Amino acid sequence: MTPPPGRQKNEDERYRGILETAARLICERGYEGTSMQDIAAACRMTKAGLYHHVQSKEQLLLAIMTYGMDVFEERVLSHVLDLADPVERLRRCMRLNIDLVTRGWSKEVTIILHEHATLHGESREYIDGRKKRYVRFLEDSFAEAVKLGRIRPVQPTVAAFAFLGMVLWIYKWFQPDGRLTDEQVADGMIDLLFTGLEKPAHGAAS
C-alpha cells in the first residue's frame, strides 16, 4: 500500500535529516569513531528506530555518499551539461562545484573523498563509478576545448585532476566567516586555472 503523499514527504525529510546528521558526525569524528548509537542520539531517536531506516552502518555510509552524489549532480552537473561552449561549461562547473563545497554541503563531499575505502564490493564500485563519470565529463570537456582551439594543448586527464584538486581541497581551508567570500574564492580559482589555459595571442614574444 502506498503511503499518503504527506506521510511520504515527512518520511523523506526524516531520512534526509538522518543522512545529514550522520554525515556531520562522521566528518567530526571519522567513520570508525562514530557509532550507530551516537547517530541515533544526535537524531533524537532510539537505536532501534534508526535501524528502521537503515540496515547497517555501512549501508548508512553508502546512503550518505549516494545522497552527496545526488546533490552534486542536481546542483552542478544538471546546470552545465547542455552548455555548448566547453570552456564556459568548465568555468560554470567549477563555480557551481565551489559553491557546493562552500555553502553547507562540504560534509558529504568530505565523506565521499575520505571514506570511500571504507565501502566494499558493489557499494564501493557504485560510488567509484559515479565519481569516474564526473572525471570523464571533465576530461571530455577539456579535450573538446583543445580540439576547438579554445585553450592551449593540455593533457585532458591532467587538466581534469588539476581542476578537481583545486576545488575539492577547499573544504580544508575555507572559512565561511573568514576574510575571503565564497565568490572571491570562485573568481580567483577560475581566473587562476583558465587564464593559464588561454592560448597565447598571435605575435606574443616566446
# chains A, B, ... in the order shown; residues from 1 in each chain; ligands from 1
>>> select_by_dssp(residues="chain A", states="helix (DSSP H, G or I)", output="ChimeraX atom specification")
/A:5-29,36-42,47-53,57-75,77-79,86-102,106-114,116-118,121-147,156-168,170-172,182-197
>>> residues_around(residues="range 59-67 of chain A", least_positions_apart="2", cutoff="7 Å", atoms="only C-alpha atoms", output="PyMOL selection string")
chain A and resi 19+23+54-57+69-71+108+111-112+123
>>> write_last_selection(atoms="C-alpha atoms", output="compact mmCIF listing (two decimals), in the first residue's frame")
# COMPACT_ATOMS: atom_id res chain seq x y z
CA LEU A 19 21.78 11.31 6.48
CA ALA A 23 27.38 12.99 7.78
CA VAL A 54 18.99 1.87 7.66
CA GLN A 55 20.10 -1.76 7.77
CA SER A 56 23.70 -1.27 8.87
CA LYS A 57 26.40 1.30 9.43
CA MET A 69 26.42 12.44 -5.35
CA ASP A 70 22.72 13.10 -6.00
CA VAL A 71 23.07 16.63 -4.61
CA GLU A 108 29.01 15.00 2.14
CA ILE A 111 32.91 11.77 3.27
CA ILE A 112 32.95 10.85 -0.41
CA SER A 123 28.78 -0.44 -2.87
>>> closest_residue(among="A:Arg133, A:Arg152, A:Arg103, A:His53", to="Pro176 in chain A", atoms="only C-alpha atoms")
A:Arg103
>>> atom_distance(atom1="CA of Lys107 in chain A", atom2="CA of Ile18 in chain A")
13.4 Å
>>> residues_around(residues="range 156-158 of chain A", least_positions_apart="6", cutoff="7 Å", atoms="only C-alpha atoms", output="list in words")
Glu139, Phe142 and Ala143 of chain A
>>> residues_around(residues="range 74-87 of chain A", least_positions_apart="2", cutoff="12 Å", atoms="only C-alpha atoms", output="PyMOL selection string")
chain A and resi 67-72+89-101+103+105+130+133-135+137-152+190+193-195+197-198
>>> write_last_selection(atoms="N, CA and C atoms", output="short mmCIF file (atom, residue, chain, number, x, y, z; two decimals), in the first residue's frame")
data_model
loop_
_atom_site.label_atom_id
_atom_site.label_comp_id
_atom_site.auth_asym_id
_atom_site.auth_seq_id
_atom_site.Cartn_x
_atom_site.Cartn_y
_atom_site.Cartn_z
N TYR A 67 23.58 10.13 -1.49
CA TYR A 67 22.90 11.42 -1.30
C TYR A 67 23.80 12.56 -1.74
N GLY A 68 25.08 12.50 -1.34
CA GLY A 68 26.03 13.54 -1.73
C GLY A 68 26.20 13.60 -3.24
N MET A 69 26.29 12.45 -3.89
CA MET A 69 26.42 12.44 -5.35
C MET A 69 25.15 12.95 -6.02
N ASP A 70 23.98 12.61 -5.45
CA ASP A 70 22.72 13.10 -6.00
C ASP A 70 22.66 14.63 -5.93
N VAL A 71 23.06 15.18 -4.78
CA VAL A 71 23.07 16.63 -4.61
C VAL A 71 24.03 17.27 -5.60
N PHE A 72 25.21 16.67 -5.75
CA PHE A 72 26.20 17.19 -6.68
C PHE A 72 25.65 17.22 -8.11
N ARG A 89 31.36 25.76 -20.18
CA ARG A 89 30.88 24.60 -19.42
C ARG A 89 31.80 24.33 -18.22
N LEU A 90 33.10 24.37 -18.46
CA LEU A 90 34.06 24.09 -17.39
C LEU A 90 34.09 25.22 -16.36
N ARG A 91 34.04 26.45 -16.82
CA ARG A 91 34.02 27.59 -15.89
C ARG A 91 32.79 27.52 -14.98
N ARG A 92 31.65 27.30 -15.59
CA ARG A 92 30.40 27.23 -14.82
C ARG A 92 30.43 26.05 -13.87
N CYS A 93 30.97 24.94 -14.33
CA CYS A 93 31.07 23.75 -13.49
C CYS A 93 31.95 24.02 -12.27
N MET A 94 33.08 24.69 -12.49
CA MET A 94 33.96 25.00 -11.37
C MET A 94 33.27 25.90 -10.36
N ARG A 95 32.58 26.93 -10.82
CA ARG A 95 31.90 27.84 -9.91
C ARG A 95 30.84 27.11 -9.09
N LEU A 96 30.03 26.31 -9.75
CA LEU A 96 28.97 25.59 -9.04
C LEU A 96 29.55 24.56 -8.08
N ASN A 97 30.63 23.92 -8.47
CA ASN A 97 31.28 22.94 -7.61
C ASN A 97 31.85 23.61 -6.36
N ILE A 98 32.45 24.78 -6.54
CA ILE A 98 32.96 25.54 -5.40
C ILE A 98 31.81 25.96 -4.48
N ASP A 99 30.72 26.44 -5.07
CA ASP A 99 29.56 26.82 -4.27
C ASP A 99 29.07 25.64 -3.43
N LEU A 100 29.08 24.47 -4.01
CA LEU A 100 28.62 23.28 -3.30
C LEU A 100 29.47 23.02 -2.06
N VAL A 101 30.78 23.23 -2.19
CA VAL A 101 31.69 22.99 -1.07
C VAL A 101 31.58 24.08 -0.01
N ARG A 103 29.05 26.30 0.58
CA ARG A 103 27.72 26.73 1.06
C ARG A 103 26.95 25.63 1.78
N TRP A 105 27.48 22.10 2.00
CA TRP A 105 27.40 20.70 1.61
C TRP A 105 28.76 20.00 1.70
N ARG A 130 30.27 6.45 -10.19
CA ARG A 130 29.68 7.79 -10.31
C ARG A 130 30.77 8.87 -10.29
N ARG A 133 32.53 8.95 -13.69
CA ARG A 133 31.75 9.62 -14.74
C ARG A 133 31.99 11.12 -14.72
N TYR A 134 32.17 11.69 -13.54
CA TYR A 134 32.47 13.13 -13.44
C TYR A 134 33.86 13.42 -14.01
N VAL A 135 34.83 12.58 -13.68
CA VAL A 135 36.17 12.76 -14.22
C VAL A 135 36.14 12.69 -15.75
N PHE A 137 33.65 13.36 -17.70
CA PHE A 137 32.99 14.58 -18.18
C PHE A 137 34.00 15.72 -18.28
N LEU A 138 34.83 15.88 -17.25
CA LEU A 138 35.85 16.93 -17.27
C LEU A 138 36.89 16.66 -18.35
N GLU A 139 37.36 15.43 -18.44
CA GLU A 139 38.34 15.08 -19.48
C GLU A 139 37.80 15.38 -20.87
N ASP A 140 36.55 14.97 -21.12
CA ASP A 140 35.95 15.19 -22.44
C ASP A 140 35.81 16.68 -22.73
N SER A 141 35.46 17.47 -21.72
CA SER A 141 35.29 18.91 -21.91
C SER A 141 36.62 19.59 -22.20
N PHE A 142 37.68 19.19 -21.49
CA PHE A 142 39.00 19.76 -21.76
C PHE A 142 39.48 19.34 -23.16
N ALA A 143 39.27 18.08 -23.52
CA ALA A 143 39.69 17.61 -24.84
C ALA A 143 38.95 18.36 -25.94
N GLU A 144 37.67 18.62 -25.75
CA GLU A 144 36.89 19.36 -26.73
C GLU A 144 37.40 20.80 -26.85
N ALA A 145 37.71 21.41 -25.71
CA ALA A 145 38.22 22.79 -25.73
C ALA A 145 39.54 22.88 -26.48
N VAL A 146 40.39 21.88 -26.31
CA VAL A 146 41.66 21.84 -27.05
C VAL A 146 41.39 21.67 -28.55
N LYS A 147 40.53 20.74 -28.89
CA LYS A 147 40.23 20.45 -30.29
C LYS A 147 39.66 21.68 -31.00
N LEU A 148 38.85 22.46 -30.30
CA LEU A 148 38.25 23.64 -30.90
C LEU A 148 39.17 24.86 -30.87
N GLY A 149 40.35 24.70 -30.27
CA GLY A 149 41.28 25.81 -30.18
C GLY A 149 40.92 26.84 -29.14
N ARG A 150 40.07 26.46 -28.19
CA ARG A 150 39.63 27.40 -27.16
C ARG A 150 40.67 27.55 -26.05
N ILE A 151 41.48 26.52 -25.85
CA ILE A 151 42.57 26.58 -24.88
C ILE A 151 43.81 25.96 -25.51
N ARG A 152 44.97 26.23 -24.92
CA ARG A 152 46.20 25.66 -25.45
C ARG A 152 46.20 24.15 -25.23
N ILE A 190 38.88 30.32 -10.77
CA ILE A 190 38.54 30.29 -12.20
C ILE A 190 39.56 31.10 -12.99
N LEU A 193 43.03 29.15 -13.06
CA LEU A 193 43.11 27.99 -13.94
C LEU A 193 42.94 28.37 -15.40
N PHE A 194 41.92 29.15 -15.72
CA PHE A 194 41.60 29.36 -17.12
C PHE A 194 42.44 30.43 -17.80
N THR A 195 42.96 31.38 -17.04
CA THR A 195 43.91 32.31 -17.63
C THR A 195 45.17 31.56 -18.05
N LEU A 197 45.26 28.59 -19.06
CA LEU A 197 44.95 27.71 -20.18
C LEU A 197 44.73 28.45 -21.49
N GLU A 198 44.55 29.76 -21.43
CA GLU A 198 44.29 30.52 -22.64
C GLU A 198 45.48 30.44 -23.59
#
>>> closest_residue(among="A:Gly165, A:Val154, A:Lys131, A:Thr102", to="Val185 in chain A", atoms="only C-alpha atoms")
A:Thr102
>>> atom_distance(atom1="CA of Asp187 in chain A", atom2="CA of Glu73 in chain A")
21.7 Å
>>> atom_distance(atom1="CA of Ala22 in chain A", atom2="CA of Tyr171 in chain A")
18.0 Å
>>> residues_around(residues="Trp169 in chain A", least_positions_apart="5", cutoff="12 Å", atoms="only C-alpha atoms", output="mmCIF file with N, CA and C atoms, in the first residue's frame")
data_model
loop_
_atom_site.group_PDB
_atom_site.id
_atom_site.type_symbol
_atom_site.label_atom_id
_atom_site.label_comp_id
_atom_site.auth_asym_id
_atom_site.auth_seq_id
_atom_site.Cartn_x
_atom_site.Cartn_y
_atom_site.Cartn_z
ATOM 1 N N ASN A 97 30.634 23.917 -8.469
ATOM 2 C CA ASN A 97 31.280 22.935 -7.611
ATOM 3 C C ASN A 97 31.849 23.609 -6.363
ATOM 4 N N ILE A 98 32.445 24.785 -6.543
ATOM 5 C CA ILE A 98 32.959 25.539 -5.397
ATOM 6 C C ILE A 98 31.811 25.962 -4.484
ATOM 7 N N VAL A 101 30.777 23.233 -2.187
ATOM 8 C CA VAL A 101 31.689 22.989 -1.070
ATOM 9 C C VAL A 101 31.582 24.079 -0.012
ATOM 10 N N THR A 102 31.417 25.328 -0.446
ATOM 11 C CA THR A 102 31.478 26.448 0.495
ATOM 12 C C THR A 102 30.137 26.822 1.112
ATOM 13 N N SER A 106 29.733 20.649 2.333
ATOM 14 C CA SER A 106 31.088 20.101 2.328
ATOM 15 C C SER A 106 31.188 18.783 3.090
ATOM 16 N N VAL A 109 30.739 15.943 0.697
ATOM 17 C CA VAL A 109 31.910 15.898 -0.169
ATOM 18 C C VAL A 109 33.095 15.292 0.581
ATOM 19 N N THR A 110 33.274 15.717 1.825
ATOM 20 C CA THR A 110 34.373 15.204 2.638
ATOM 21 C C THR A 110 34.276 13.693 2.804
ATOM 22 N N LEU A 113 35.187 11.813 -0.294
ATOM 23 C CA LEU A 113 36.627 11.847 -0.530
ATOM 24 C C LEU A 113 37.394 10.926 0.411
ATOM 25 N N HIS A 114 37.039 10.948 1.683
ATOM 26 C CA HIS A 114 37.896 10.332 2.684
ATOM 27 C C HIS A 114 37.425 8.976 3.200
ATOM 28 N N PHE A 161 42.205 16.450 -13.313
ATOM 29 C CA PHE A 161 42.570 16.256 -11.918
ATOM 30 C C PHE A 161 43.138 17.530 -11.287
ATOM 31 N N ALA A 162 43.720 18.419 -12.089
ATOM 32 C CA ALA A 162 44.121 19.728 -11.578
ATOM 33 C C ALA A 162 42.882 20.513 -11.159
ATOM 34 N N PHE A 163 41.868 20.488 -11.995
ATOM 35 C CA PHE A 163 40.573 21.112 -11.690
ATOM 36 C C PHE A 163 40.030 20.566 -10.369
ATOM 37 N N LEU A 164 39.963 19.247 -10.265
ATOM 38 C CA LEU A 164 39.403 18.619 -9.073
ATOM 39 C C LEU A 164 40.245 18.896 -7.833
ATOM 40 N N PHE A 174 38.782 26.763 3.695
ATOM 41 C CA PHE A 174 37.813 27.848 3.581
ATOM 42 C C PHE A 174 37.025 28.013 4.879
ATOM 43 N N MET A 189 39.915 31.229 -8.334
ATOM 44 C CA MET A 189 40.308 29.922 -8.863
ATOM 45 C C MET A 189 40.008 29.809 -10.358
#
>>> closest_residue(among="A:Gly30, A:Gly188, A:Gly196, A:Gly49", to="Thr118 in chain A", atoms="only C-alpha atoms")
A:Gly30
